[in-house]
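Pasted below: run.tsv, TSV, C-alpha atoms.
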```
chain	number	residue	atom	x	y	z
A	1	MET	CA	10.87	-11.80	10.55
A	2	SER	CA	12.52	-9.06	12.67
A	3	LYS	CA	13.14	-5.65	11.18
A	4	ARG	CA	16.53	-4.84	9.75
A	5	SER	CA	18.74	-2.39	11.58
A	6	LEU	CA	19.81	0.79	9.82
A	7	ASP	CA	23.28	-0.66	9.25
A	8	GLU	CA	21.74	-3.76	7.65
A	9	ILE	CA	19.55	-1.62	5.39
A	10	LYS	CA	22.58	0.42	4.33
A	11	LYS	CA	24.49	-2.78	3.58
A	12	ASP	CA	21.65	-4.29	1.51
A	13	ALA	CA	21.18	-1.02	-0.40
A	14	LYS	CA	24.90	-0.93	-1.23
A	15	LEU	CA	24.89	-4.59	-2.32
A	16	PHE	CA	22.00	-3.87	-4.70
A	17	ALA	CA	23.55	-0.66	-6.04
A	18	THR	CA	26.77	-2.47	-6.94
A	19	CYS	CA	25.07	-5.27	-8.92
A	20	THR	CA	25.90	-5.09	-12.61
A	21	ASP	CA	24.88	-8.22	-14.53
A	22	ILE	CA	22.79	-11.40	-14.44
A	23	THR	CA	25.48	-13.26	-12.48
A	24	ASP	CA	25.37	-10.67	-9.69
A	25	LEU	CA	21.60	-10.85	-9.61
A	26	GLN	CA	21.37	-14.63	-9.46
A	27	ASN	CA	23.83	-14.65	-6.56
A	28	LYS	CA	21.94	-11.97	-4.61
A	29	LEU	CA	18.50	-13.43	-5.34
A	30	LYS	CA	19.63	-17.06	-4.97
A	31	ILE	CA	18.17	-18.13	-8.30
A	32	SER	CA	19.75	-19.67	-11.38
A	33	GLY	CA	20.44	-17.44	-14.34
A	34	ASN	CA	18.27	-19.62	-16.57
A	35	ASP	CA	15.29	-19.37	-14.19
A	36	LEU	CA	15.73	-15.60	-13.94
A	37	LEU	CA	15.66	-15.27	-17.73
A	38	LEU	CA	12.70	-17.65	-17.97
A	39	PHE	CA	10.64	-15.56	-15.52
A	40	SER	CA	11.51	-12.43	-17.48
A	41	LEU	CA	10.44	-14.00	-20.79
A	42	HIS	CA	7.28	-15.72	-19.55
A	43	PRO	CA	5.95	-14.07	-16.36
A	44	ARG	CA	2.76	-15.82	-15.20
A	45	TYR	CA	-0.06	-13.90	-13.51
A	46	TYR	CA	-3.57	-14.74	-12.36
A	47	CYS	CA	-5.83	-11.84	-13.23
A	48	PHE	CA	-9.20	-10.93	-11.72
A	49	THR	CA	-11.19	-7.84	-10.81
A	50	ILE	CA	-12.55	-6.52	-7.53
A	51	ARG	CA	-15.07	-3.78	-6.96
A	52	LYS	CA	-13.73	-0.46	-5.67
A	53	GLN	CA	-15.40	1.19	-2.68
A	54	SER	CA	-15.84	4.29	-4.83
A	55	GLY	CA	-17.46	2.23	-7.60
A	56	GLY	CA	-16.07	0.62	-10.72
A	57	LEU	CA	-13.67	-2.29	-10.93
A	58	ARG	CA	-9.98	-2.66	-10.10
A	59	GLU	CA	-7.88	-5.20	-11.99
A	60	ILE	CA	-5.66	-7.36	-9.78
A	61	GLU	CA	-2.74	-9.30	-11.25
A	62	THR	CA	-1.34	-11.85	-8.80
A	63	PRO	CA	1.97	-13.39	-9.86
A	64	ALA	CA	2.30	-17.16	-9.84
A	65	PHE	CA	3.93	-18.57	-6.72
A	66	GLN	CA	7.52	-18.91	-7.96
A	67	LEU	CA	7.44	-15.51	-9.65
A	68	LYS	CA	6.05	-13.92	-6.49
A	69	GLU	CA	8.84	-15.49	-4.43
A	70	LEU	CA	11.41	-14.00	-6.81
A	71	GLN	CA	9.73	-10.59	-6.63
A	72	ARG	CA	9.74	-10.78	-2.82
A	73	LYS	CA	13.49	-11.39	-2.84
A	74	LEU	CA	13.99	-8.49	-5.20
A	75	ASN	CA	11.67	-6.31	-3.13
A	76	TYR	CA	13.90	-6.96	-0.09
A	77	TYR	CA	16.78	-5.15	-1.81
A	78	LEU	CA	14.65	-2.56	-3.58
A	79	GLN	CA	13.10	-1.47	-0.27
A	80	ALA	CA	16.54	-1.03	1.27
A	81	TYR	CA	17.72	0.96	-1.73
A	82	TYR	CA	14.66	3.20	-1.71
A	83	TYR	CA	14.95	3.77	2.04
A	84	MET	CA	18.43	5.21	1.54
A	85	ASN	CA	17.25	7.42	-1.35
A	86	GLN	CA	13.66	8.23	-0.34
A	87	SER	CA	12.03	11.63	-0.69
A	88	SER	CA	11.00	13.44	2.49
A	89	SER	CA	7.42	13.78	1.19
A	90	SER	CA	6.76	10.07	0.53
A	91	TYR	CA	5.01	8.05	3.28
A	92	GLY	CA	3.62	4.89	1.69
A	93	TYR	CA	5.16	1.39	1.70
A	94	ILE	CA	8.51	2.41	3.18
A	95	ILE	CA	10.37	0.11	5.54
A	96	SER	CA	11.61	1.37	8.90
A	97	PRO	CA	14.70	0.23	10.79
A	98	GLY	CA	13.96	-1.80	13.89
A	99	ASN	CA	15.83	0.60	16.16
A	100	ARG	CA	14.19	3.82	14.97
A	101	LYS	CA	10.89	5.46	15.88
A	102	ASN	CA	10.63	8.09	13.11
A	103	TYR	CA	8.95	5.65	10.74
A	104	LYS	CA	6.56	6.62	7.96
A	105	ASN	CA	3.02	5.34	7.48
A	106	ILE	CA	-0.50	6.46	6.65
A	107	VAL	CA	-0.91	8.19	10.02
A	108	LYS	CA	2.35	10.13	9.75
A	109	ASN	CA	1.28	11.20	6.28
A	110	ALA	CA	-1.97	12.69	7.60
A	111	GLU	CA	-0.22	14.34	10.55
A	112	GLN	CA	1.75	16.58	8.18
A	113	HIS	CA	-1.46	18.52	7.50
A	114	LEU	CA	-2.91	18.83	11.01
A	115	GLY	CA	-4.19	22.30	11.82
A	116	ASN	CA	-4.04	23.64	8.27
A	117	ARG	CA	-7.15	25.50	7.08
A	118	TYR	CA	-6.78	24.95	3.34
A	119	MET	CA	-6.24	21.67	1.55
A	120	MET	CA	-6.09	20.15	-1.92
A	121	LYS	CA	-6.21	16.40	-2.54
A	122	VAL	CA	-5.42	14.83	-5.90
A	123	ASP	CA	-4.50	11.37	-7.08
A	124	PHE	CA	-3.20	9.70	-10.20
A	125	ASP	CA	-5.36	8.00	-12.76
A	126	ASP	CA	-4.52	4.26	-12.51
A	127	PHE	CA	-1.07	4.98	-11.04
A	128	PHE	CA	0.69	1.62	-11.38
A	129	HIS	CA	-0.49	1.08	-14.94
A	130	GLN	CA	0.94	4.45	-16.00
A	131	ILE	CA	4.43	3.15	-15.22
A	132	LYS	CA	5.60	1.17	-18.25
A	133	THR	CA	8.26	-1.48	-18.71
A	134	ARG	CA	10.56	1.08	-20.35
A	135	ASP	CA	10.16	3.33	-17.30
A	136	VAL	CA	11.12	0.49	-14.95
A	137	MET	CA	14.10	-0.37	-17.12
A	138	GLY	CA	15.10	3.29	-17.04
A	139	MET	CA	15.02	3.24	-13.23
A	140	PHE	CA	17.43	0.31	-13.16
A	141	LEU	CA	19.77	2.17	-15.55
A	142	ALA	CA	19.66	5.40	-13.54
A	143	ASN	CA	19.43	6.36	-9.84
A	144	ASN	CA	23.17	5.66	-9.33
A	145	LEU	CA	22.65	1.96	-10.12
A	146	SER	CA	25.20	-0.06	-12.10
A	147	PHE	CA	23.14	-2.53	-14.14
A	148	THR	CA	23.92	-3.41	-17.73
A	149	GLN	CA	21.23	-2.96	-20.36
A	150	LYS	CA	20.55	-6.71	-20.36
A	151	ALA	CA	20.25	-6.94	-16.58
A	152	ALA	CA	18.00	-3.86	-16.43
A	153	HIS	CA	15.75	-5.27	-19.15
A	154	THR	CA	15.55	-8.63	-17.36
A	155	LEU	CA	14.59	-7.01	-14.05
A	156	ALA	CA	12.02	-4.77	-15.71
A	157	SER	CA	10.43	-7.78	-17.41
A	158	VAL	CA	10.32	-9.72	-14.13
A	159	CYS	CA	8.50	-6.81	-12.44
A	160	THR	CA	5.95	-5.90	-15.14
A	161	ASN	CA	2.99	-7.48	-16.89
A	162	ASN	CA	1.33	-6.35	-20.11
A	163	ASP	CA	3.97	-3.61	-20.38
A	164	ARG	CA	3.22	-1.92	-17.03
A	165	LEU	CA	3.46	-2.33	-13.28
A	166	PRO	CA	0.88	-4.90	-12.14
A	167	MET	CA	-1.47	-4.26	-9.25
A	168	GLY	CA	-0.64	-7.26	-7.07
A	169	ALA	CA	3.11	-7.78	-7.47
A	170	PRO	CA	5.24	-7.32	-4.31
A	171	THR	CA	7.64	-5.06	-6.20
A	172	SER	CA	5.09	-2.61	-7.62
A	173	PRO	CA	4.76	-0.24	-4.61
A	174	VAL	CA	8.49	0.34	-4.17
A	175	LEU	CA	9.04	0.70	-7.92
A	176	SER	CA	6.25	3.28	-8.04
A	177	ASN	CA	8.01	5.17	-5.25
A	178	LEU	CA	11.28	5.06	-7.19
A	179	PHE	CA	9.51	6.29	-10.32
A	180	ALA	CA	7.95	9.18	-8.38
A	181	LEU	CA	11.24	10.19	-6.75
A	182	GLU	CA	12.00	13.07	-9.11
A	183	LEU	CA	8.36	14.13	-9.09
A	184	ASP	CA	8.46	14.34	-5.30
A	185	HIS	CA	11.56	16.51	-5.39
A	186	THR	CA	9.95	18.85	-7.93
A	187	LEU	CA	6.69	19.13	-5.97
A	188	GLU	CA	8.58	19.65	-2.71
A	189	LYS	CA	10.33	22.67	-4.23
A	190	TRP	CA	7.09	23.97	-5.76
A	191	ALA	CA	5.27	23.59	-2.44
A	192	GLY	CA	8.07	25.33	-0.56
A	193	ASP	CA	7.95	28.26	-2.98
A	194	HIS	CA	4.20	28.60	-2.30
A	195	ALA	CA	4.31	28.11	1.50
A	196	ILE	CA	2.39	24.83	1.09
A	197	ILE	CA	2.90	21.45	2.76
A	198	TYR	CA	3.10	18.49	0.36
A	199	SER	CA	2.98	14.75	1.08
A	200	ARG	CA	2.35	11.63	-0.99
A	201	PHE	CA	1.00	8.25	0.09
A	202	VAL	CA	1.46	6.05	-3.00
A	203	ASP	CA	-0.99	7.68	-5.46
A	204	ASP	CA	-2.66	10.11	-3.01
A	205	LEU	CA	-1.15	13.60	-3.11
A	206	THR	CA	-2.08	16.09	-0.39
A	207	PHE	CA	-1.31	19.80	-0.27
A	208	SER	CA	-2.24	22.07	2.64
A	209	SER	CA	-1.64	25.53	4.03
A	210	GLY	CA	-2.40	27.26	7.30
A	211	GLU	CA	-3.19	30.71	5.93
A	212	LYS	CA	-2.84	30.74	2.14
A	213	GLU	CA	-5.86	29.61	0.12
A	214	ILE	CA	-5.19	26.78	-2.31
A	215	THR	CA	-6.99	27.36	-5.61
A	216	ASN	CA	-7.67	25.81	-9.01
A	217	GLN	CA	-4.60	27.65	-10.27
A	218	HIS	CA	-2.50	25.62	-7.85
A	219	PHE	CA	-4.14	22.45	-9.18
A	220	ALA	CA	-3.30	23.45	-12.76
A	221	GLU	CA	0.34	23.96	-11.81
A	222	VAL	CA	0.52	20.60	-10.00
A	223	ARG	CA	-1.17	18.89	-12.96
A	224	ASP	CA	1.42	20.37	-15.35
A	225	ILE	CA	4.31	19.27	-13.12
A	226	CYS	CA	2.93	15.72	-13.05
A	227	LEU	CA	2.58	15.72	-16.83
A	228	GLN	CA	6.22	16.76	-17.14
A	229	HIS	CA	7.03	13.59	-15.18
A	230	ASN	CA	4.75	11.46	-17.42
A	231	LEU	CA	1.99	11.02	-14.86
A	232	ILE	CA	-1.67	11.95	-15.38
A	233	LEU	CA	-3.90	13.06	-12.51
A	234	ASN	CA	-7.53	12.05	-12.13
A	235	PRO	CA	-9.38	15.42	-12.10
A	236	GLU	CA	-12.61	13.77	-10.91
A	237	LYS	CA	-10.95	12.96	-7.58
A	238	THR	CA	-9.50	16.41	-7.01
A	239	LYS	CA	-10.92	18.11	-3.92
A	240	LEU	CA	-10.31	21.60	-2.57
A	241	SER	CA	-11.36	22.45	0.99
A	242	GLY	CA	-11.20	25.49	3.19
A	243	PRO	CA	-11.95	26.62	6.75
A	244	GLY	CA	-14.97	24.81	8.18
A	245	ASP	CA	-14.75	21.90	5.72
A	246	GLU	CA	-14.06	18.39	6.94
A	247	LYS	CA	-10.44	17.45	6.21
A	248	ILE	CA	-9.84	13.81	5.29
A	249	VAL	CA	-6.43	12.48	4.23
A	250	THR	CA	-6.23	8.89	2.95
A	251	GLY	CA	-9.40	8.03	4.86
A	252	LEU	CA	-8.28	9.62	8.15
A	253	VAL	CA	-10.09	12.61	9.64
A	254	LEU	CA	-8.06	15.62	10.76
A	255	ASN	CA	-9.46	17.07	13.97
A	256	LYS	CA	-7.17	18.18	16.78
A	257	THR	CA	-5.57	14.79	16.20
A	258	VAL	CA	-5.65	12.24	13.37
A	259	ASP	CA	-8.76	10.11	13.84
A	260	ILE	CA	-10.47	7.22	12.10
A	261	HIS	CA	-13.61	8.09	10.14
A	262	PRO	CA	-16.89	6.90	11.76
A	263	GLU	CA	-17.76	5.00	8.56
A	264	PHE	CA	-14.74	2.76	9.19
A	265	TYR	CA	-16.15	1.65	12.54
A	266	LYS	CA	-19.59	1.15	11.03
A	267	GLN	CA	-18.15	-1.13	8.35
A	268	LEU	CA	-16.02	-3.00	10.89
A	269	ASP	CA	-19.07	-3.62	13.08
A	270	MET	CA	-20.77	-5.28	10.14
A	271	ASP	CA	-17.65	-7.26	9.24
A	272	LEU	CA	-17.34	-8.60	12.77
A	273	GLN	CA	-20.92	-9.88	12.58
A	274	ARG	CA	-20.22	-11.44	9.18
A	275	LEU	CA	-17.07	-13.07	10.55
A	276	LYS	CA	-19.05	-14.60	13.41
A	277	SER	CA	-21.64	-15.97	10.99
A	278	ILE	CA	-19.01	-17.41	8.63
A	279	TYR	CA	-17.15	-18.96	11.56
A	280	GLU	CA	-20.31	-20.59	12.89
A	281	ALA	CA	-21.28	-21.96	9.49
A	282	THR	CA	-17.75	-23.31	8.98
A	283	LEU	CA	-17.74	-24.92	12.41
A	284	LEU	CA	-21.14	-26.45	11.76
A	285	THR	CA	-20.05	-28.01	8.47
A	286	ASN	CA	-16.57	-28.95	9.74
A	287	GLN	CA	-14.80	-27.26	6.82
A	288	PHE	CA	-11.98	-25.41	8.59
A	289	GLU	CA	-9.14	-27.01	6.68
A	290	ASP	CA	-10.50	-26.23	3.22
A	291	ASN	CA	-12.22	-22.90	3.80
A	292	PRO	CA	-10.12	-20.14	2.18
A	293	LEU	CA	-13.00	-17.69	2.60
A	294	LEU	CA	-12.79	-17.86	6.39
A	295	LYS	CA	-9.00	-17.55	6.41
A	296	LYS	CA	-9.00	-14.54	4.08
A	297	PHE	CA	-11.83	-12.79	5.90
A	298	LYS	CA	-10.18	-13.34	9.29
A	299	GLN	CA	-7.02	-11.69	7.98
A	300	GLU	CA	-8.99	-8.73	6.61
A	301	VAL	CA	-10.89	-8.14	9.84
A	302	GLN	CA	-7.77	-8.58	11.95
A	303	GLY	CA	-6.03	-6.04	9.72
A	304	GLN	CA	-8.84	-3.54	10.32
A	305	VAL	CA	-8.59	-4.05	14.08
A	306	ASN	CA	-4.80	-3.60	13.97
A	307	PHE	CA	-5.33	-0.40	11.99
A	308	ILE	CA	-7.27	1.00	14.96
A	309	GLY	CA	-4.30	0.18	17.16
A	310	MET	CA	-1.90	1.91	14.79
A	311	VAL	CA	-3.98	5.10	14.70
A	312	GLU	CA	-5.42	5.25	18.20
A	313	GLY	CA	-2.69	3.37	20.06
A	314	TYR	CA	-2.46	-0.27	21.06
A	315	ARG	CA	-3.29	0.64	24.67
A	316	SER	CA	-6.34	2.69	23.77
A	317	PRO	CA	-9.74	1.50	25.09
A	318	ILE	CA	-11.27	1.47	21.60
A	319	PHE	CA	-8.55	-0.82	20.24
A	320	LYS	CA	-8.87	-3.18	23.21
A	321	ASP	CA	-12.66	-3.24	22.76
A	322	TYR	CA	-12.48	-4.17	19.07
A	323	LEU	CA	-9.70	-6.69	19.67
A	324	ASN	CA	-11.91	-8.37	22.28
A	325	ARG	CA	-14.88	-8.36	19.89
A	326	TYR	CA	-12.70	-9.92	17.19
A	327	HIS	CA	-11.75	-12.79	19.47
A	328	GLN	CA	-15.37	-13.17	20.61
A	329	ALA	CA	-16.42	-13.58	16.96
A	330	LEU	CA	-14.14	-16.62	16.83
A	331	GLU	CA	-15.41	-18.15	20.08
A	332	ALA	CA	-18.93	-19.19	19.15
A	333	ASP	CA	-21.01	-21.20	21.63
A	334	GLU	CA	-21.30	-24.48	19.73
A	335	GLU	CA	-24.53	-25.59	21.42
A	336	LEU	CA	-26.18	-22.18	20.98
A	337	PHE	CA	-25.31	-21.70	17.31
A	338	THR	CA	-26.23	-25.30	16.46
A	339	MET	CA	-29.73	-24.68	17.79
A	340	ARG	CA	-29.97	-21.42	15.87
A	341	TRP	CA	-28.72	-22.77	12.55
A	342	THR	CA	-30.90	-25.88	12.67
A	343	ASN	CA	-34.08	-24.22	13.86
A	344	LEU	CA	-36.68	-24.65	11.12
A	345	SER	CA	-38.13	-21.25	11.85
A	346	TYR	CA	-35.07	-19.76	10.15
A	347	LEU	CA	-35.65	-21.68	6.93
```
What does the file become when written as structure tokens?
Amino acid sequence: MSKRSLDEIKKDAKLFATCTDITDLQNKLKISGNDLLLFSLHPRYYCFTIRKQSGGLREIETPAFQLKELQRKLNYYLQAYYYMNQSSSSYGYIISPGNRKNYKNIVKNAEQHLGNRYMMKVDFDDFFHQIKTRDVMGMFLANNLSFTQKAAHTLASVCTNNDRLPMGAPTSPVLSNLFALELDHTLEKWAGDHAIIYSRFVDDLTFSSGEKEITNQHFAEVRDICLQHNLILNPEKTKLSGPGDEKIVTGLVLNKTVDIHPEFYKQLDMDLQRLKSIYEATLLTNQFEDNPLLKKFKQEVQGQVNFIGMVEGYRSPIFKDYLNRYHQALEADEELFTMRWTNLSYL
């Protein structure tokens, strides 16, 4: 799907902002009023956990197919609305018009802090789950929107699970951005008063300064501001750094330019080898059509390779090298791997 133009985004944002009741919603989302109410009363999710890279488990709540399709339709309008009302400090999960180059992403977020000697990084404790159904309903009743109480409650119920934003719903990132809108404005003013640069990528908050040291007192003030906006920081993930310390923002290293951390390449090297092995085993057993593991892993590795292109440039030698290696992993020599996999010396 091609990107929307700025005029199209403005139009979609206005259409959403002028919705008032269930009838308006069902017309915009192309769903019957009864189905909309049913999804709000009985939202179905498939819940599972995955292990975090930093340790511990993260709960994922994937909406059932029809509910996810509804959330995607709603997300289409929510993204347009947020784009027209976004904070200057927010960089995560924001659409960009097809005819504009000043888009926001994880790289642009890190670039805000290039060259600064002092830095503080903090993040929220379980960000999405801190945002409750009542908070989402409040967003639909505020922010210059026109929804009735019933419509706002219905939308909030469609977008939440177990009384909070679920990790896995298409609407959760943009709703978290909307919830953090006032917080961003407050922190932008605070940062400006202290000659500090502030940016936020979803739940990662970064503060930096070229000359002024950032201290624990600054952290205490930021923590109190977040509490005033009903958000709790995770103090265990707070990191202060000064001159001579390595500066990393959302996994990207700040040198003279924004670079990818060496650990990323190390992990990708291993993933490419795993992909080759999975592909060979799948080819050997003729299970392409019913192998979700291969499909999912291919998407993950391809995403990592595309990330290199986004950071380093799609014409950069390192991106071209990894793109070539990705394709090579999916071009196994059938005769060679058959001999290897059936050789008894490997058993």
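Atom CA of A:Phe201 is found 19.7 Å from atom CA of A:Ile214.
For the atom pair formed by atom CA of A:Glu182 and atom CA of A:Ala142, the distance is 11.7 Å, given to one decimal.
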Near A:Leu240, within 7 Å and counting all atoms listed in the file, which residues show up once chain neighbours fewer than 3 positions away are dropped, as a VMD selection string? chain A and resid 119 to 121
I want to know what sits within 12 Å of A:Cys226, based on all atoms listed in the file, with residues of the same chain fewer than 3 positions away left out; could you give that as a PyMOL selection string? chain A and resi 122-125+127+130+179-187+190+203+205+219-223+229-234
Between A:Asn324, A:Thr148, A:Asn27, A:Ser157, which one has atoms that come closest to A:Val136, using all atoms listed in the file?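 Distance minimum relative to A:Val136 lands on A:Ser157.
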Box in all listed atoms of stretch 80-87 of chain A, axis-aligned, with 5 Å more on each side; write out centre and edge lengths in Å to one decimal as JSON.
```
{"center_x": 15.2, "center_y": 5.3, "center_z": 0.2, "size_x": 16.4, "size_y": 22.7, "size_z": 13.8}
```
So, with only C-alpha atoms as the atoms that count, which of A:Gln71, A:Asn291, A:Ser96, A:Ser146 lies closest to A:Cys19?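 Closest to A:Cys19, using only C-alpha atoms: A:Ser146.
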Point out the residue among A:Asp12, A:Leu275, A:Thr20, A:Ile308 with the least atom-to-atom distance to A:Phe147, counting all atoms listed in the file. A:Thr20
Record the distance separating atom CA of A:Lys28 and atom CA of A:Glu8, expressed in Å with one decimal. 14.8 Å
Using only C-alpha atoms, can you tell me which of A:Asn177, A:Gln228, A:Ser241, A:Thr171 comes closest to A:Tyr76?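 Ranked by minimum distance to A:Tyr76, first place goes to A:Thr171.
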Residue neighbourhood A:His153, 12 Å, only C-alpha atoms, exclusion window fewer than 6 positions, as a PyMOL selection string: chain A and resi 21-22+36-37+40-41+133-141+147+159-160+163
With distances taken over all atoms listed in the file, which of A:Glu59, A:Asp193, A:Glu111, A:Glu331 is nearest to A:Leu283?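 Smallest separation from A:Leu283 among the options: A:Glu331.
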Using only C-alpha atoms, which protein or nucleic acid residues come within 8 Å of A:Ser176? Drop anything in the same chain fewer than 3 positions from it, and give the result as a PyMOL selection string. chain A and resi 128+131+172-173+179-180+202
Which protein, DNA or RNA residues are at most 8 Å from (1.9, 1.2, 4.6) in the file's coordinates when you count all atoms listed in the file, listed as a short mmCIF file (atom, residue, chain, number, x, y, z; two decimals) with C-alpha atoms, in the frame of the given file?
```cif
data_model
loop_
_atom_site.label_atom_id
_atom_site.label_comp_id
_atom_site.auth_asym_id
_atom_site.auth_seq_id
_atom_site.Cartn_x
_atom_site.Cartn_y
_atom_site.Cartn_z
CA TYR A 91 5.01 8.05 3.28
CA GLY A 92 3.62 4.89 1.69
CA TYR A 93 5.16 1.39 1.70
CA ILE A 94 8.51 2.41 3.18
CA LYS A 104 6.56 6.62 7.96
CA ASN A 105 3.02 5.34 7.48
CA ILE A 106 -0.50 6.46 6.65
#
```
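Only residues having an atom at most 9 Å from (-13.5, -20.1, 10.8) are included; using all atoms listed in the file, these are Leu275, Lys276, Ile278, Tyr279, Glu280, Ala281, Thr282, Leu283, Gln287, Phe288, Asn291, Leu293, Leu294, Lys295, Phe297, Lys298 and Leu330 of chain A.
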